[in-house]
There are 2 protein chains.
Amino acid sequence: MTRGLNVAVLGATGAVGQQIMRILEERAFPVAELRPLASARSAGQVVSFRGKGLAVQPVSDEALARVDLAFFAASGEASARYAPVVAKAGGVVIDKSSHYRMNPAVPLVVPEVNGYDLNFHKGIVASPNCSTIQMVMALKPLSQLAPLKRVVVSTYQAVSGTGRDAMTELENQTAQVLEEEKPTISVYPYQIAFNALPHIDSFDVSGYTGEELKMIHETRKILGQPGLAITATTVRIPVFIGHSESVNVEFGAPVTPEQARAALAAFPGVEVRDDPSHLEYPLAAGPGGAAGRDEVLVGRIRRDQSVPYGLDMWIVADNLRKGAATNAVQIAETLLALGQWSEWSLGRAEAAAAAAADDLGGAANAGSGLTGDER
Amino acid sequence: MTRGLNVAVLGATGAVGQQIMRILEERAFPVAELRPLASARSAGQVVSFRGKGLAVQPVSDEALARVDLAFFAASGEASARYAPVVAKAGGVVIDKSSHYRMNPAVPLVVPEVNGYDLNFHKGIVASPNCSTIQMVMALKPLSQLAPLKRVVVSTYQAVSGTGRDAMTELENQTAQVLEEEKPTISVYPYQIAFNALPHIDSFDVSGYTGEELKMIHETRKILGQPGLAITATTVRIPVFIGHSESVNVEFGAPVTPEQARAALAAFPGVEVRDDPSHLEYPLAAGPGGAAGRDEVLVGRIRRDQSVPYGLDMWIVADNLRKGAATNAVQIAETLLALGQWSEWSLGRAEAAAAAAADDLGGAANAGSGLTGDER
């Protein structure tokens, strides 16, 4: 049995990396040694874990040696370069970047939804995009009531999804606008204070953004419905923490709001907040809001009369917690429960490691942006 | 011919009433005398028009005597009480409240979309909800390309839609949050600063809000499609001026993004902002944003692959201008062009006035909230 694992966190100075360390503490994950890693630029900074200050080391093959478990919360390039290093050595990477998500050899996992897929990993597990995670947490129990036919989602995303710099930018711009000064534009292409930017990630030739395509493709993979009809519009709004989503679902058979509420309430990790007559509905900020919580909040569930069998709903979650760090730590907990690091499975993992690199694509070249919080 | 009209503005101290007076000036509408009216509570305040200060008078039957044209930007109760007074005396009310909008005897008009309906008014014309106006401005030209089959809309609405108090509340709460103080809640049931509230107007037993039902019913009436399949989720976000909308449209026949852009660009009052490769898309705030402009901005037009013939788009407009005051003044301009106040039509209007009150429902009792900005 494990006495504790050697755990690395790549991107340890970023918003998600920090949150991962906090949640490892909160949930008393069995960490023997924690190794905070980042780009050379951020190395030397001190992060705290279990009351101790730890110096952040620059990421390298050597720094990742003898790591049982590595959380990657950096750029896709960093994941491409370093995840195979960990996997080849018999460790497991839980990757928050988008790099491996659509790789057919890599499970893309929200434990409550498709934890079973963790049985088939080859040393790398991908954690989905924040916006995707909270949506599939609601779609999964609903899909057990009736087949999902089509999903139309519009998001209201917090700036912490972009990272620490963006949170600072929102704060600074907000103060500037209140002072009637010209807001300083840096992280986002336009003013985010008191505005709504229909632009997250880069634009594809289709006119969709990367974030929108992630929601479409990742949802299909996680739910195991490669043909699911789904469209998304993703929008950044001036909120610090907590993504909200307006989700319209068309079903292949009748689903009442009451049935939906019951199924959602019974699903682990989901909390129904749906009593409009008492002004109860999910919110991102404020007392009772999603920020700082692990649950995905669902409310405003109502019949959509524009299709034979449709529901509208409002889904809110902490994008840094369930949308990122909590989900990653839950993946680790599930791996632990599945025996990943027992003597028996350790042998299995080592045997599997050699073959893994080929499937996953070999390490190419060093990437940049190792403290980015992209997911 | 008119040398100028006697014009009353009810709700003259509210955000929309103020904007109406500004736009009457800007567009050089032929005003002989302007009479600013409000509730007794707000009477006595001084508002400015064409460089002169005018004392706001308390609304009464007498104050509305000999008025050719009255803009009502107050509560639904005020409209119910006073609009028939103006209509009976041969004047025309352009009503920004929701009271008469679904009355079959009252045209509900966005001049570019269904200005023709103004030929059939009986002394009262309703101006639609702000969220509806900007959406139908885009849906109308698209409906000429192919039949509209279904619309799914999610809104991102500015606090000025609620009124001046809400703008002050957003400003104050924002400063409080930045100072790490507890935000003072007054206008909205929850903190609006750095948050998203899926709650505009009151909740219906269906689970929809009044604002959502307005978008559904008003859109059908304006487009003359009583059976149009449409669902809406309306959300307040921390923006001062400018509503944004994520609109998904399913058509009955193919429409390409190129065709949609061309049809939208050719439609009066719409401006296409759609070049993602140069980061061009509609925004509410900032340089080039919708706030302060009369045009409805449309962009992010792209094929929705989840239905045979679908488009996603992003629609932004100034909710106080095209969403409220500009549309009301454009209705007046259209009535003027249709000869409403020529000698000939004045006679017609007086003849018609007697019959009007019955169709419209008689004046009941005095209402409250005369300075509200509800629409």
# chains A, B, ... in the order shown; residues from 1 in each chain; ligands from 1

$ interface_residues --of "chain A" --to "chain B" --cutoff "6 Å" --atoms "only C-alpha atoms" --output "PDB file with C-alpha atoms, in the first residue's frame"
ATOM      1  CA  PHE A 194     -17.910  46.336 -17.749  1.00  0.00           C
ATOM      2  CA  ASN A 195     -17.907  44.510 -21.075  1.00  0.00           C
ATOM      3  CA  GLY A 207     -15.528  31.058 -37.213  1.00  0.00           C
ATOM      4  CA  ALA A 229     -25.332  17.633 -32.104  1.00  0.00           C
ATOM      5  CA  ILE A 230     -23.933  20.553 -30.160  1.00  0.00           C
ATOM      6  CA  PRO A 238     -16.168  40.651 -15.848  1.00  0.00           C
ATOM      7  CA  VAL A 239     -16.389  38.004 -13.122  1.00  0.00           C
ATOM      8  CA  ALA A 284     -21.022  32.626  -9.414  1.00  0.00           C
ATOM      9  CA  ALA A 285     -20.196  35.221  -6.732  1.00  0.00           C
ATOM     10  CA  ARG A 302     -37.708  24.718 -17.298  1.00  0.00           C
ATOM     11  CA  SER A 306     -39.825  25.351 -28.890  1.00  0.00           C
TER      12      SER A 306
END

$ select_by_dssp --residues "segment 54-130 of chain A" --states "alpha helix (DSSP H)" --output "JSON, numbers by chain"
{"A": [76, 77, 78, 79, 80, 81, 82, 83, 84, 85, 86, 87, 88, 111, 112, 113, 114, 130]}

$ select_by_dssp --residues "segment 117-285 of chain A" --states "strand (DSSP E)" --output "ChimeraX atom specification"
/A:124-126,148-156,229-233,243-251,270-272

$ residues_around --residues "Arg35 of chain B" --least-positions-apart "6" --cutoff "10 Å" --atoms "only C-alpha atoms" --output "list of chain:residue names"
B:Asn6, B:Val7, B:Ala8, B:Val9, B:Leu10, B:Ala12, B:Phe49, B:Leu54, B:Ala55, B:Val56, B:Gln57, B:Ala63, B:Leu64, B:Val67, B:Ala70

$ atom_distance --atom1 "atom CA of Glu77 of chain A" --atom2 "atom CA of Ser98 of chain A"
9.6 Å

$ atom_distance --atom1 "atom CA of Thr256 of chain B" --atom2 "atom CA of Pro268 of chain B"
20.4 Å

$ closest_residue --among "B:Gln259, B:Thr219, B:Gln45, B:Ser160" --to "Pro141 of chain B" --atoms "only C-alpha atoms"
B:Gln259

$ residues_around --residues "Tyr116 of chain B" --least-positions-apart "6" --cutoff "12 Å" --atoms "only C-alpha atoms" --output "count of residues only"
12

$ residues_around --residues "Ile133 of chain A" --least-positions-apart "5" --cutoff "10 Å" --atoms "only C-alpha atoms" --output "PyMOL selection string"
chain A and resi 109-110+113+127-128+138-139+215+218-219+222+296+317+319+322-324+327

$ write_last_selection --atoms "C-alpha atoms" --output "PDB file, in the first residue's frame"
ATOM      1  CA  VAL A 109     -12.084  12.205 -17.587  1.00  0.00           C
ATOM      2  CA  VAL A 110     -14.593  13.772 -15.247  1.00  0.00           C
ATOM      3  CA  VAL A 113     -19.182  11.026 -15.476  1.00  0.00           C
ATOM      4  CA  SER A 127      -8.686  16.720 -17.555  1.00  0.00           C
ATOM      5  CA  PRO A 128     -11.215  18.572 -19.699  1.00  0.00           C
ATOM      6  CA  ALA A 138     -25.313  18.112 -15.756  1.00  0.00           C
ATOM      7  CA  LEU A 139     -25.713  16.398 -19.123  1.00  0.00           C
ATOM      8  CA  MET A 215     -16.748  22.295 -25.621  1.00  0.00           C
ATOM      9  CA  GLU A 218     -14.689  17.184 -25.499  1.00  0.00           C
ATOM     10  CA  THR A 219     -18.353  16.804 -24.566  1.00  0.00           C
ATOM     11  CA  ILE A 222     -16.568  12.316 -22.434  1.00  0.00           C
ATOM     12  CA  VAL A 296     -21.663  22.163  -9.854  1.00  0.00           C
ATOM     13  CA  ALA A 317     -19.264  26.149 -11.104  1.00  0.00           C
ATOM     14  CA  ASN A 319     -13.741  27.190 -12.827  1.00  0.00           C
ATOM     15  CA  LYS A 322     -14.306  21.607 -10.252  1.00  0.00           C
ATOM     16  CA  GLY A 323     -13.445  23.230 -13.571  1.00  0.00           C
ATOM     17  CA  ALA A 324      -9.740  22.574 -13.042  1.00  0.00           C
ATOM     18  CA  ASN A 327     -11.336  17.581 -11.100  1.00  0.00           C
TER      19      ASN A 327
END

$ atom_distance --atom1 "atom CA of Gly53 of chain B" --atom2 "atom CA of Leu5 of chain B"
18.8 Å
